[in-house]
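Below: the structure, in structure tokens.
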Amino acid sequence: MPALTADFFARPAVEVAPDLLGCVLQRAGAREPRVGRIVEVEAYLGDGSDPASHAHSGPTPRNRSMFGPPGRFYVYRSMGIHHCLNIVCQPQGEGAAVLIRALEPLRGLAIIRRLRSGRESDLTNGPGKLCQAFGVDLRFDGRSATRGELFVCTGTTAPERPIRRSPRIGISKATELRYRFFEADNPHVTPHR
DNA sequence: CCATAGATTGACT
DNA sequence: GTCAATCTATGGA
């Protein structure tokens with residue numbers, strides 16, 4: 001299937017986010033390729049209306065790529081330990097992005113199981129977990145999400161489950177904003193909350 | 001300078 | 001349920 005284009009991401013993040021459900025993240029270039037279907041995302045805005053967004057206080061060395069061109073990755077280290085994978089949206093300079101929160105693994109289960117333990121539904125059902133499983137780290141920060149070793153392409157199947165919407169997970173500000181989108185009844189989305 | 005919170009996870013009581 | 005790991009950024013003294 002074709003890779004997504006920068007145009008796809010040059011739209012409001014709350015529109016891009018649900019459209020990413022069912023699209024596919026591909027890890028190439030590594031010794032063992034991995035493919036995962038996106039099943040859970042969250043939008044973070046940069047227009048000042050979203051105090052939970054890393055962009056809310058303007059650019060810093062860490063969030064710099066959030067303010068770069070759309071269609072590139074913003075990867076940051078969370079709690080000093082884990083990595084989280086975003087894709088920049090909207091015109092350059094606005095600071096909006098979509099966080100990839102969970103995948104349904106389609107290919108590369110062998111290497112993924114070597115990198116992470118647990119049941120299949122526990123391998124990529126969280127932003128830090130999927131980065132571990134797909135070998136995503138700060139090297140990918142600022143790189144293109146439409147080509148290269150890590151990129152997103154359109155899904156091979158239409159969404160077979162309804163899309164649900166909810167407040168975002170793990171934040172304490174702007175909890176009234178329902179910018180989380182996920183596939184209903186998919187066992188690979190984030191548990192509890 | 002120091003304290004604290006954070007788009008998380010896994011280990012433990 | 002609680003809590004620590006470890007790094008970045010912010011806000012106050």
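Here, A, B, ... name the chains of the structure tokens in the order displayed, residue numbers run from 1 inside each chain, and ligands are numbered from 1 in the same displayed order.
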Check your understanding: Residues at most 7 Å from segment 3-13 of chain B, counting only C-alpha atoms (C1' of nucleotides), excluding those fewer than 3 positions away in the same chain, as a list in words?
Key ->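 Close residues of segment 3-13 of chain B: Ser78, Met79, His82, Gly128, Gly170 and Ile171 of chain A.
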Check your understanding: Taking only C-alpha atoms (C1' of nucleotides) into account, which residues of chain C are within 12 Å of chain A, as a ChimeraX atom specification?
Key -> /C:4-10
Practice item. Give me every strand (DSSP E) residue in chain A, going by DSSP on the backbone, as a ChimeraX atom specification. Key: /A:24-27,34-44,73-78,82-89,96-107,150-153,163-166,180-183
Residue list for chain A near chain B as a short mmCIF file (atom, residue, chain, number, x, y, z; two decimals) with all heavy atoms, in the first residue's frame, 12 Å, only C-alpha atoms (C1' of nucleotides):
```cif
data_model
loop_
_atom_site.label_atom_id
_atom_site.label_comp_id
_atom_site.auth_asym_id
_atom_site.auth_seq_id
_atom_site.Cartn_x
_atom_site.Cartn_y
_atom_site.Cartn_z
N VAL A 41 -4.92 6.65 18.91
CA VAL A 41 -4.14 7.88 18.72
C VAL A 41 -4.70 8.99 19.61
O VAL A 41 -5.84 8.89 20.09
CB VAL A 41 -4.18 8.36 17.25
CG1 VAL A 41 -3.50 7.38 16.32
CG2 VAL A 41 -5.60 8.61 16.82
N GLU A 42 -3.89 10.04 19.80
CA GLU A 42 -4.37 11.24 20.48
C GLU A 42 -3.85 12.47 19.75
O GLU A 42 -2.70 12.47 19.31
CB GLU A 42 -3.89 11.27 21.94
CG GLU A 42 -4.59 10.28 22.84
CD GLU A 42 -4.03 10.26 24.25
OE1 GLU A 42 -3.02 10.93 24.51
OE2 GLU A 42 -4.60 9.55 25.08
N ALA A 43 -4.67 13.50 19.67
CA ALA A 43 -4.25 14.77 19.06
C ALA A 43 -3.81 15.74 20.14
O ALA A 43 -4.40 15.79 21.22
CB ALA A 43 -5.40 15.37 18.25
N TYR A 44 -2.76 16.49 19.85
CA TYR A 44 -2.26 17.56 20.74
C TYR A 44 -2.10 18.82 19.91
O TYR A 44 -1.43 18.81 18.88
CB TYR A 44 -0.95 17.15 21.41
CG TYR A 44 -1.18 16.10 22.47
CD1 TYR A 44 -1.17 14.75 22.15
CD2 TYR A 44 -1.49 16.48 23.77
CE1 TYR A 44 -1.43 13.79 23.13
CE2 TYR A 44 -1.74 15.54 24.75
CZ TYR A 44 -1.71 14.19 24.42
OH TYR A 44 -1.98 13.25 25.37
N LEU A 45 -2.72 19.91 20.37
CA LEU A 45 -2.79 21.12 19.54
C LEU A 45 -1.71 22.12 19.93
O LEU A 45 -1.11 22.03 21.01
CB LEU A 45 -4.16 21.75 19.67
CG LEU A 45 -5.34 20.80 19.44
CD1 LEU A 45 -6.64 21.58 19.32
CD2 LEU A 45 -5.12 19.95 18.20
N ASP A 50 -4.76 24.20 24.16
CA ASP A 50 -4.54 22.85 24.68
C ASP A 50 -3.38 22.83 25.68
O ASP A 50 -2.24 22.58 25.32
CB ASP A 50 -4.25 21.89 23.52
CG ASP A 50 -4.08 20.46 23.97
OD1 ASP A 50 -4.28 20.17 25.17
OD2 ASP A 50 -3.74 19.62 23.12
N PRO A 51 -3.65 23.12 26.95
CA PRO A 51 -2.57 23.18 27.94
C PRO A 51 -1.88 21.85 28.19
O PRO A 51 -0.80 21.82 28.80
CB PRO A 51 -3.27 23.67 29.22
CG PRO A 51 -4.72 23.66 28.95
CD PRO A 51 -4.96 23.46 27.50
N ALA A 52 -2.45 20.75 27.74
CA ALA A 52 -1.79 19.44 27.91
C ALA A 52 -0.74 19.19 26.85
O ALA A 52 0.04 18.25 26.96
CB ALA A 52 -2.83 18.32 27.88
N SER A 53 -0.69 20.03 25.82
CA SER A 53 0.24 19.79 24.71
C SER A 53 1.64 20.26 25.05
O SER A 53 1.83 21.29 25.71
CB SER A 53 -0.26 20.54 23.47
OG SER A 53 0.70 20.49 22.45
N HIS A 54 2.64 19.52 24.60
CA HIS A 54 4.02 19.95 24.77
C HIS A 54 4.28 21.28 24.08
O HIS A 54 5.25 21.96 24.39
CB HIS A 54 4.98 18.89 24.21
CG HIS A 54 5.10 17.69 25.09
ND1 HIS A 54 5.88 16.61 24.75
CD2 HIS A 54 4.53 17.39 26.28
CE1 HIS A 54 5.80 15.70 25.71
NE2 HIS A 54 4.98 16.14 26.64
N ALA A 55 3.46 21.63 23.11
CA ALA A 55 3.66 22.87 22.36
C ALA A 55 3.12 24.08 23.12
O ALA A 55 3.35 25.21 22.69
CB ALA A 55 2.98 22.78 20.99
N TYR A 74 7.78 13.51 15.65
CA TYR A 74 8.24 14.13 16.89
C TYR A 74 8.37 13.00 17.91
O TYR A 74 7.38 12.41 18.31
CB TYR A 74 7.25 15.19 17.37
CG TYR A 74 7.42 15.60 18.82
CD1 TYR A 74 8.68 15.91 19.33
CD2 TYR A 74 6.32 15.70 19.68
CE1 TYR A 74 8.83 16.28 20.66
CE2 TYR A 74 6.46 16.07 21.00
CZ TYR A 74 7.72 16.36 21.49
OH TYR A 74 7.87 16.73 22.80
N VAL A 75 9.60 12.67 18.28
CA VAL A 75 9.86 11.61 19.26
C VAL A 75 10.44 12.26 20.51
O VAL A 75 11.39 13.04 20.42
CB VAL A 75 10.84 10.56 18.73
CG1 VAL A 75 11.07 9.47 19.78
CG2 VAL A 75 10.32 9.95 17.44
N TYR A 76 9.86 11.97 21.66
CA TYR A 76 10.40 12.51 22.91
C TYR A 76 10.56 11.40 23.94
O TYR A 76 9.98 10.33 23.82
CB TYR A 76 9.49 13.62 23.46
CG TYR A 76 8.16 13.13 23.98
CD1 TYR A 76 8.00 12.82 25.33
CD2 TYR A 76 7.08 12.98 23.14
CE1 TYR A 76 6.79 12.38 25.82
CE2 TYR A 76 5.86 12.55 23.61
CZ TYR A 76 5.71 12.24 24.95
OH TYR A 76 4.52 11.79 25.43
N ARG A 77 11.38 11.68 24.95
CA ARG A 77 11.59 10.73 26.03
C ARG A 77 10.61 11.07 27.15
O ARG A 77 10.52 12.21 27.58
CB ARG A 77 13.02 10.83 26.54
CG ARG A 77 13.49 9.54 27.18
CD ARG A 77 14.75 9.74 27.96
NE ARG A 77 15.93 10.01 27.14
CZ ARG A 77 16.69 9.06 26.62
NH1 ARG A 77 16.37 7.81 26.80
NH2 ARG A 77 17.75 9.38 25.92
N SER A 78 9.88 10.07 27.58
CA SER A 78 8.86 10.26 28.60
C SER A 78 9.36 9.77 29.95
O SER A 78 9.88 8.66 30.05
CB SER A 78 7.61 9.48 28.20
OG SER A 78 6.69 9.47 29.27
N MET A 79 9.21 10.56 30.97
CA MET A 79 9.63 10.22 32.32
C MET A 79 11.10 9.79 32.36
O MET A 79 11.50 9.00 33.21
CB MET A 79 8.77 9.10 32.91
CG MET A 79 7.28 9.34 32.80
SD MET A 79 6.75 10.93 33.45
CE MET A 79 6.71 10.58 35.18
N GLY A 80 11.88 10.30 31.44
CA GLY A 80 13.30 9.98 31.42
C GLY A 80 13.63 8.58 30.97
O GLY A 80 14.80 8.22 30.94
N ILE A 81 12.65 7.79 30.61
CA ILE A 81 12.90 6.37 30.36
C ILE A 81 12.39 5.91 29.00
O ILE A 81 13.13 5.31 28.23
CB ILE A 81 12.22 5.52 31.45
CG1 ILE A 81 12.82 5.86 32.80
CG2 ILE A 81 12.36 4.05 31.13
CD1 ILE A 81 12.46 4.90 33.87
N HIS A 82 11.11 6.16 28.75
CA HIS A 82 10.46 5.60 27.56
C HIS A 82 10.45 6.62 26.43
O HIS A 82 10.69 7.80 26.64
CB HIS A 82 9.04 5.18 27.90
CG HIS A 82 8.98 4.22 29.04
ND1 HIS A 82 9.34 2.91 28.93
CD2 HIS A 82 8.63 4.40 30.34
CE1 HIS A 82 9.20 2.31 30.10
NE2 HIS A 82 8.78 3.19 30.98
N HIS A 83 10.13 6.15 25.24
CA HIS A 83 9.96 7.04 24.10
C HIS A 83 8.52 7.06 23.65
O HIS A 83 7.80 6.06 23.81
CB HIS A 83 10.84 6.58 22.93
CG HIS A 83 12.30 6.65 23.22
ND1 HIS A 83 13.01 7.84 23.22
CD2 HIS A 83 13.19 5.70 23.57
CE1 HIS A 83 14.27 7.60 23.53
NE2 HIS A 83 14.41 6.31 23.75
N CYS A 84 8.09 8.19 23.09
CA CYS A 84 6.75 8.29 22.53
C CYS A 84 6.84 8.85 21.12
O CYS A 84 7.62 9.77 20.85
CB CYS A 84 5.85 9.19 23.39
SG CYS A 84 5.47 8.50 25.01
N LEU A 85 6.01 8.31 20.22
CA LEU A 85 6.08 8.62 18.79
C LEU A 85 4.88 9.45 18.36
O LEU A 85 3.74 9.05 18.55
CB LEU A 85 6.11 7.31 18.00
CG LEU A 85 6.17 7.43 16.49
CD1 LEU A 85 7.50 8.00 16.03
CD2 LEU A 85 5.91 6.07 15.84
N ASN A 86 5.16 10.63 17.80
CA ASN A 86 4.13 11.52 17.26
C ASN A 86 4.41 11.80 15.80
O ASN A 86 5.56 11.68 15.35
CB ASN A 86 4.16 12.88 17.96
CG ASN A 86 3.89 12.82 19.44
OD1 ASN A 86 2.84 13.18 19.90
ND2 ASN A 86 4.87 12.36 20.20
N ALA A 97 0.30 17.93 16.71
CA ALA A 97 0.80 16.59 16.39
C ALA A 97 -0.20 15.54 16.84
O ALA A 97 -1.11 15.82 17.62
CB ALA A 97 2.15 16.34 17.06
N VAL A 98 0.00 14.33 16.32
CA VAL A 98 -0.81 13.18 16.75
C VAL A 98 0.12 12.15 17.38
O VAL A 98 1.12 11.76 16.77
CB VAL A 98 -1.57 12.55 15.55
CG1 VAL A 98 -2.24 11.26 15.97
CG2 VAL A 98 -2.59 13.53 15.00
N LEU A 99 -0.22 11.73 18.59
CA LEU A 99 0.54 10.70 19.30
C LEU A 99 0.02 9.32 18.91
O LEU A 99 -1.19 9.07 18.95
CB LEU A 99 0.37 10.90 20.81
CG LEU A 99 0.90 9.77 21.71
CD1 LEU A 99 2.41 9.73 21.71
CD2 LEU A 99 0.37 9.92 23.14
N ILE A 100 0.92 8.43 18.50
CA ILE A 100 0.54 7.05 18.21
C ILE A 100 0.56 6.28 19.53
O ILE A 100 1.63 6.11 20.13
CB ILE A 100 1.52 6.38 17.22
CG1 ILE A 100 1.76 7.28 16.00
CG2 ILE A 100 1.00 5.01 16.80
CD1 ILE A 100 0.53 7.55 15.18
N ARG A 101 -0.59 5.85 19.99
CA ARG A 101 -0.69 5.24 21.33
C ARG A 101 -0.70 3.72 21.31
O ARG A 101 -0.33 3.10 22.32
CB ARG A 101 -1.96 5.71 22.03
CG ARG A 101 -1.85 7.05 22.70
CD ARG A 101 -2.92 7.20 23.76
NE ARG A 101 -2.72 6.25 24.82
CZ ARG A 101 -2.02 6.52 25.92
NH1 ARG A 101 -1.50 7.71 26.12
NH2 ARG A 101 -1.85 5.59 26.84
N ARG A 116 10.16 -7.49 23.91
CA ARG A 116 9.16 -7.28 24.96
C ARG A 116 8.56 -8.61 25.38
O ARG A 116 8.31 -9.46 24.55
CB ARG A 116 8.03 -6.37 24.46
CG ARG A 116 8.43 -4.92 24.26
CD ARG A 116 7.20 -4.06 24.08
NE ARG A 116 6.16 -4.39 25.04
CZ ARG A 116 6.17 -3.99 26.32
NH1 ARG A 116 7.15 -3.22 26.75
NH2 ARG A 116 5.21 -4.34 27.14
N SER A 117 8.30 -8.75 26.66
CA SER A 117 7.69 -9.99 27.13
C SER A 117 6.18 -9.77 27.32
O SER A 117 5.70 -8.65 27.29
CB SER A 117 8.33 -10.42 28.44
OG SER A 117 8.16 -9.39 29.39
N GLY A 118 5.47 -10.87 27.52
CA GLY A 118 4.04 -10.76 27.78
C GLY A 118 3.19 -11.33 26.66
O GLY A 118 3.70 -11.82 25.66
N ASP A 122 -0.21 -7.38 24.90
CA ASP A 122 0.55 -6.52 25.80
C ASP A 122 1.84 -6.02 25.16
O ASP A 122 2.66 -5.40 25.81
CB ASP A 122 0.88 -7.29 27.08
CG ASP A 122 0.88 -6.39 28.30
OD1 ASP A 122 0.01 -5.50 28.37
OD2 ASP A 122 1.75 -6.57 29.16
N ASN A 125 0.49 -2.11 23.19
CA ASN A 125 -0.72 -1.40 23.62
C ASN A 125 -0.39 -0.24 24.55
O ASN A 125 -0.98 -0.09 25.61
CB ASN A 125 -1.69 -2.38 24.30
CG ASN A 125 -1.07 -3.02 25.53
OD1 ASN A 125 0.15 -3.05 25.67
ND2 ASN A 125 -1.90 -3.52 26.41
N GLY A 126 0.53 0.61 24.12
CA GLY A 126 0.89 1.81 24.86
C GLY A 126 1.98 2.54 24.10
O GLY A 126 2.73 1.90 23.35
N PRO A 127 2.07 3.87 24.25
CA PRO A 127 3.02 4.64 23.44
C PRO A 127 4.48 4.26 23.69
O PRO A 127 5.28 4.22 22.74
CB PRO A 127 2.75 6.09 23.86
CG PRO A 127 2.04 5.99 25.17
CD PRO A 127 1.28 4.70 25.16
N GLY A 128 4.83 3.97 24.93
CA GLY A 128 6.20 3.55 25.22
C GLY A 128 6.46 2.13 24.77
O GLY A 128 7.55 1.79 24.31
N LYS A 129 5.44 1.29 24.89
CA LYS A 129 5.58 -0.12 24.52
C LYS A 129 5.83 -0.27 23.02
O LYS A 129 6.69 -1.03 22.59
CB LYS A 129 4.33 -0.89 24.93
CG LYS A 129 4.09 -0.95 26.42
CD LYS A 129 2.78 -1.67 26.70
CE LYS A 129 2.46 -1.66 28.19
NZ LYS A 129 1.20 -2.38 28.47
N LEU A 130 5.05 0.46 22.21
CA LEU A 130 5.21 0.29 20.76
C LEU A 130 6.56 0.82 20.29
O LEU A 130 7.12 0.30 19.32
CB LEU A 130 4.04 0.90 20.00
CG LEU A 130 3.89 2.42 19.95
CD1 LEU A 130 4.61 3.03 18.78
CD2 LEU A 130 2.41 2.77 19.85
N CYS A 131 7.07 1.83 20.96
CA CYS A 131 8.40 2.32 20.59
C CYS A 131 9.46 1.27 20.91
O CYS A 131 10.40 1.06 20.14
CB CYS A 131 8.70 3.64 21.30
SG CYS A 131 7.85 5.05 20.58
N GLN A 132 9.32 0.61 22.04
CA GLN A 132 10.22 -0.48 22.39
C GLN A 132 10.14 -1.58 21.33
O GLN A 132 11.15 -2.07 20.84
CB GLN A 132 9.80 -1.05 23.74
CG GLN A 132 10.89 -1.18 24.76
CD GLN A 132 10.32 -1.73 26.06
OE1 GLN A 132 9.58 -1.03 26.76
NE2 GLN A 132 10.63 -2.96 26.37
N PRO A 167 -11.62 11.36 26.35
CA PRO A 167 -10.52 12.21 26.82
C PRO A 167 -9.19 11.48 26.70
O PRO A 167 -9.14 10.25 26.66
CB PRO A 167 -10.87 12.46 28.29
CG PRO A 167 -12.34 12.23 28.38
CD PRO A 167 -12.64 11.15 27.38
N ARG A 168 -8.11 12.24 26.68
CA ARG A 168 -6.78 11.65 26.54
C ARG A 168 -6.33 11.04 27.87
O ARG A 168 -6.80 11.40 28.93
CB ARG A 168 -5.80 12.71 26.05
CG ARG A 168 -6.14 13.19 24.65
CD ARG A 168 -5.40 14.45 24.28
NE ARG A 168 -5.82 15.59 25.07
CZ ARG A 168 -5.37 16.83 24.91
NH1 ARG A 168 -4.47 17.08 23.96
NH2 ARG A 168 -5.80 17.80 25.66
N ILE A 169 -5.38 10.13 27.76
CA ILE A 169 -4.94 9.33 28.91
C ILE A 169 -3.66 9.91 29.50
O ILE A 169 -2.78 10.37 28.77
CB ILE A 169 -4.71 7.88 28.47
CG1 ILE A 169 -6.04 7.24 28.11
CG2 ILE A 169 -4.00 7.09 29.55
CD1 ILE A 169 -5.94 5.80 27.71
N GLY A 170 -3.57 9.92 30.82
CA GLY A 170 -2.32 10.23 31.49
C GLY A 170 -2.02 11.71 31.64
O GLY A 170 -0.92 12.09 31.99
N ILE A 171 -2.99 12.57 31.38
CA ILE A 171 -2.79 14.01 31.51
C ILE A 171 -3.62 14.53 32.67
O ILE A 171 -4.58 13.89 33.09
CB ILE A 171 -3.19 14.76 30.22
CG1 ILE A 171 -4.63 14.43 29.85
CG2 ILE A 171 -2.24 14.39 29.09
CD1 ILE A 171 -5.18 15.30 28.75
N SER A 172 -3.24 15.69 33.20
CA SER A 172 -4.01 16.26 34.30
C SER A 172 -4.64 17.59 33.90
O SER A 172 -5.49 18.12 34.61
CB SER A 172 -3.13 16.45 35.53
OG SER A 172 -2.04 17.30 35.22
N LYS A 173 -4.22 18.13 32.76
CA LYS A 173 -4.82 19.36 32.27
C LYS A 173 -5.68 19.05 31.06
O LYS A 173 -5.41 18.09 30.33
CB LYS A 173 -3.74 20.37 31.87
CG LYS A 173 -2.82 20.77 33.00
CD LYS A 173 -1.64 21.58 32.45
CE LYS A 173 -0.58 21.73 33.52
NZ LYS A 173 0.73 22.08 32.95
N ALA A 174 -6.66 19.91 30.81
CA ALA A 174 -7.50 19.79 29.60
C ALA A 174 -8.13 18.41 29.47
O ALA A 174 -8.25 17.86 28.39
CB ALA A 174 -6.68 20.12 28.35
N THR A 175 -8.54 17.85 30.63
CA THR A 175 -9.13 16.51 30.59
C THR A 175 -10.53 16.51 29.98
O THR A 175 -11.09 15.45 29.74
CB THR A 175 -9.20 15.93 32.01
OG1 THR A 175 -9.86 16.87 32.85
CG2 THR A 175 -7.81 15.66 32.56
N TYR A 179 -9.81 14.22 22.68
CA TYR A 179 -8.93 14.13 21.52
C TYR A 179 -8.30 12.76 21.37
O TYR A 179 -7.33 12.58 20.66
CB TYR A 179 -7.83 15.19 21.61
CG TYR A 179 -8.32 16.62 21.45
CD1 TYR A 179 -7.52 17.69 21.86
CD2 TYR A 179 -9.55 16.90 20.88
CE1 TYR A 179 -7.94 19.00 21.72
CE2 TYR A 179 -9.98 18.21 20.74
CZ TYR A 179 -9.17 19.25 21.16
OH TYR A 179 -9.59 20.55 21.01
N ARG A 180 -8.80 11.78 22.10
CA ARG A 180 -8.32 10.40 21.94
C ARG A 180 -9.28 9.63 21.04
O ARG A 180 -10.50 9.71 21.21
CB ARG A 180 -8.22 9.71 23.31
CG ARG A 180 -7.92 8.21 23.23
CD ARG A 180 -7.74 7.63 24.63
NE ARG A 180 -7.53 6.20 24.60
CZ ARG A 180 -8.40 5.28 25.06
NH1 ARG A 180 -9.56 5.67 25.56
NH2 ARG A 180 -8.12 4.01 24.99
N THR A 190 -4.84 0.68 24.74
CA THR A 190 -4.37 0.85 26.11
C THR A 190 -5.40 0.31 27.10
O THR A 190 -6.58 0.63 26.99
CB THR A 190 -4.13 2.34 26.40
OG1 THR A 190 -3.18 2.83 25.46
CG2 THR A 190 -3.59 2.53 27.79
#
```
Exercise for review: For Thr156 of chain A, work out the shell of residues within 10 Å, counting only C-alpha atoms (C1' of nucleotides) and skipping chain neighbours fewer than 3 positions away, then give it as a list in words.
Suggested key: Met1, Pro2, Gly22, Cys23, Val24, Arg37, Cys153 and Pro159 of chain A
Only N, CA, C and O atoms, please: the residues just picked out, written as a PDB file, in the first residue's frame.
```
ATOM      1  N   MET A   1       0.847  -1.204   0.000  1.00  0.00           N
ATOM      2  CA  MET A   1       0.000   0.000   0.000  1.00  0.00           C
ATOM      3  C   MET A   1       0.878   1.249   0.000  1.00  0.00           C
ATOM      4  O   MET A   1       1.991   1.232   0.514  1.00  0.00           O
ATOM      5  N   PRO A   2       0.365   2.329  -0.582  1.00  0.00           N
ATOM      6  CA  PRO A   2       1.178   3.548  -0.708  1.00  0.00           C
ATOM      7  C   PRO A   2       1.399   4.240   0.636  1.00  0.00           C
ATOM      8  O   PRO A   2       0.533   4.198   1.508  1.00  0.00           O
ATOM      9  N   GLY A  22      -6.348   2.464  11.455  1.00  0.00           N
ATOM     10  CA  GLY A  22      -6.388   1.533  10.332  1.00  0.00           C
ATOM     11  C   GLY A  22      -5.205   1.680   9.399  1.00  0.00           C
ATOM     12  O   GLY A  22      -4.949   0.792   8.583  1.00  0.00           O
ATOM     13  N   CYS A  23      -4.486   2.806   9.475  1.00  0.00           N
ATOM     14  CA  CYS A  23      -3.250   2.938   8.698  1.00  0.00           C
ATOM     15  C   CYS A  23      -2.167   2.083   9.349  1.00  0.00           C
ATOM     16  O   CYS A  23      -2.322   1.580  10.456  1.00  0.00           O
ATOM     17  N   VAL A  24      -1.059   1.939   8.653  1.00  0.00           N
ATOM     18  CA  VAL A  24      -0.074   0.929   9.033  1.00  0.00           C
ATOM     19  C   VAL A  24       1.297   1.571   9.220  1.00  0.00           C
ATOM     20  O   VAL A  24       1.757   2.327   8.355  1.00  0.00           O
ATOM     21  N   ARG A  37      -0.683  -2.157  12.728  1.00  0.00           N
ATOM     22  CA  ARG A  37      -1.865  -1.379  12.355  1.00  0.00           C
ATOM     23  C   ARG A  37      -2.202  -0.424  13.498  1.00  0.00           C
ATOM     24  O   ARG A  37      -2.288  -0.842  14.662  1.00  0.00           O
ATOM     25  N   CYS A 153       1.759   3.981   6.018  1.00  0.00           N
ATOM     26  CA  CYS A 153       1.047   3.862   4.746  1.00  0.00           C
ATOM     27  C   CYS A 153      -0.425   3.566   4.990  1.00  0.00           C
ATOM     28  O   CYS A 153      -0.834   3.284   6.125  1.00  0.00           O
ATOM     29  N   PRO A 159     -11.675   0.065   8.006  1.00  0.00           N
ATOM     30  CA  PRO A 159     -11.895  -0.126   9.435  1.00  0.00           C
ATOM     31  C   PRO A 159     -13.087  -1.052   9.663  1.00  0.00           C
ATOM     32  O   PRO A 159     -14.187  -0.786   9.185  1.00  0.00           O
TER      33      PRO A 159
END
```
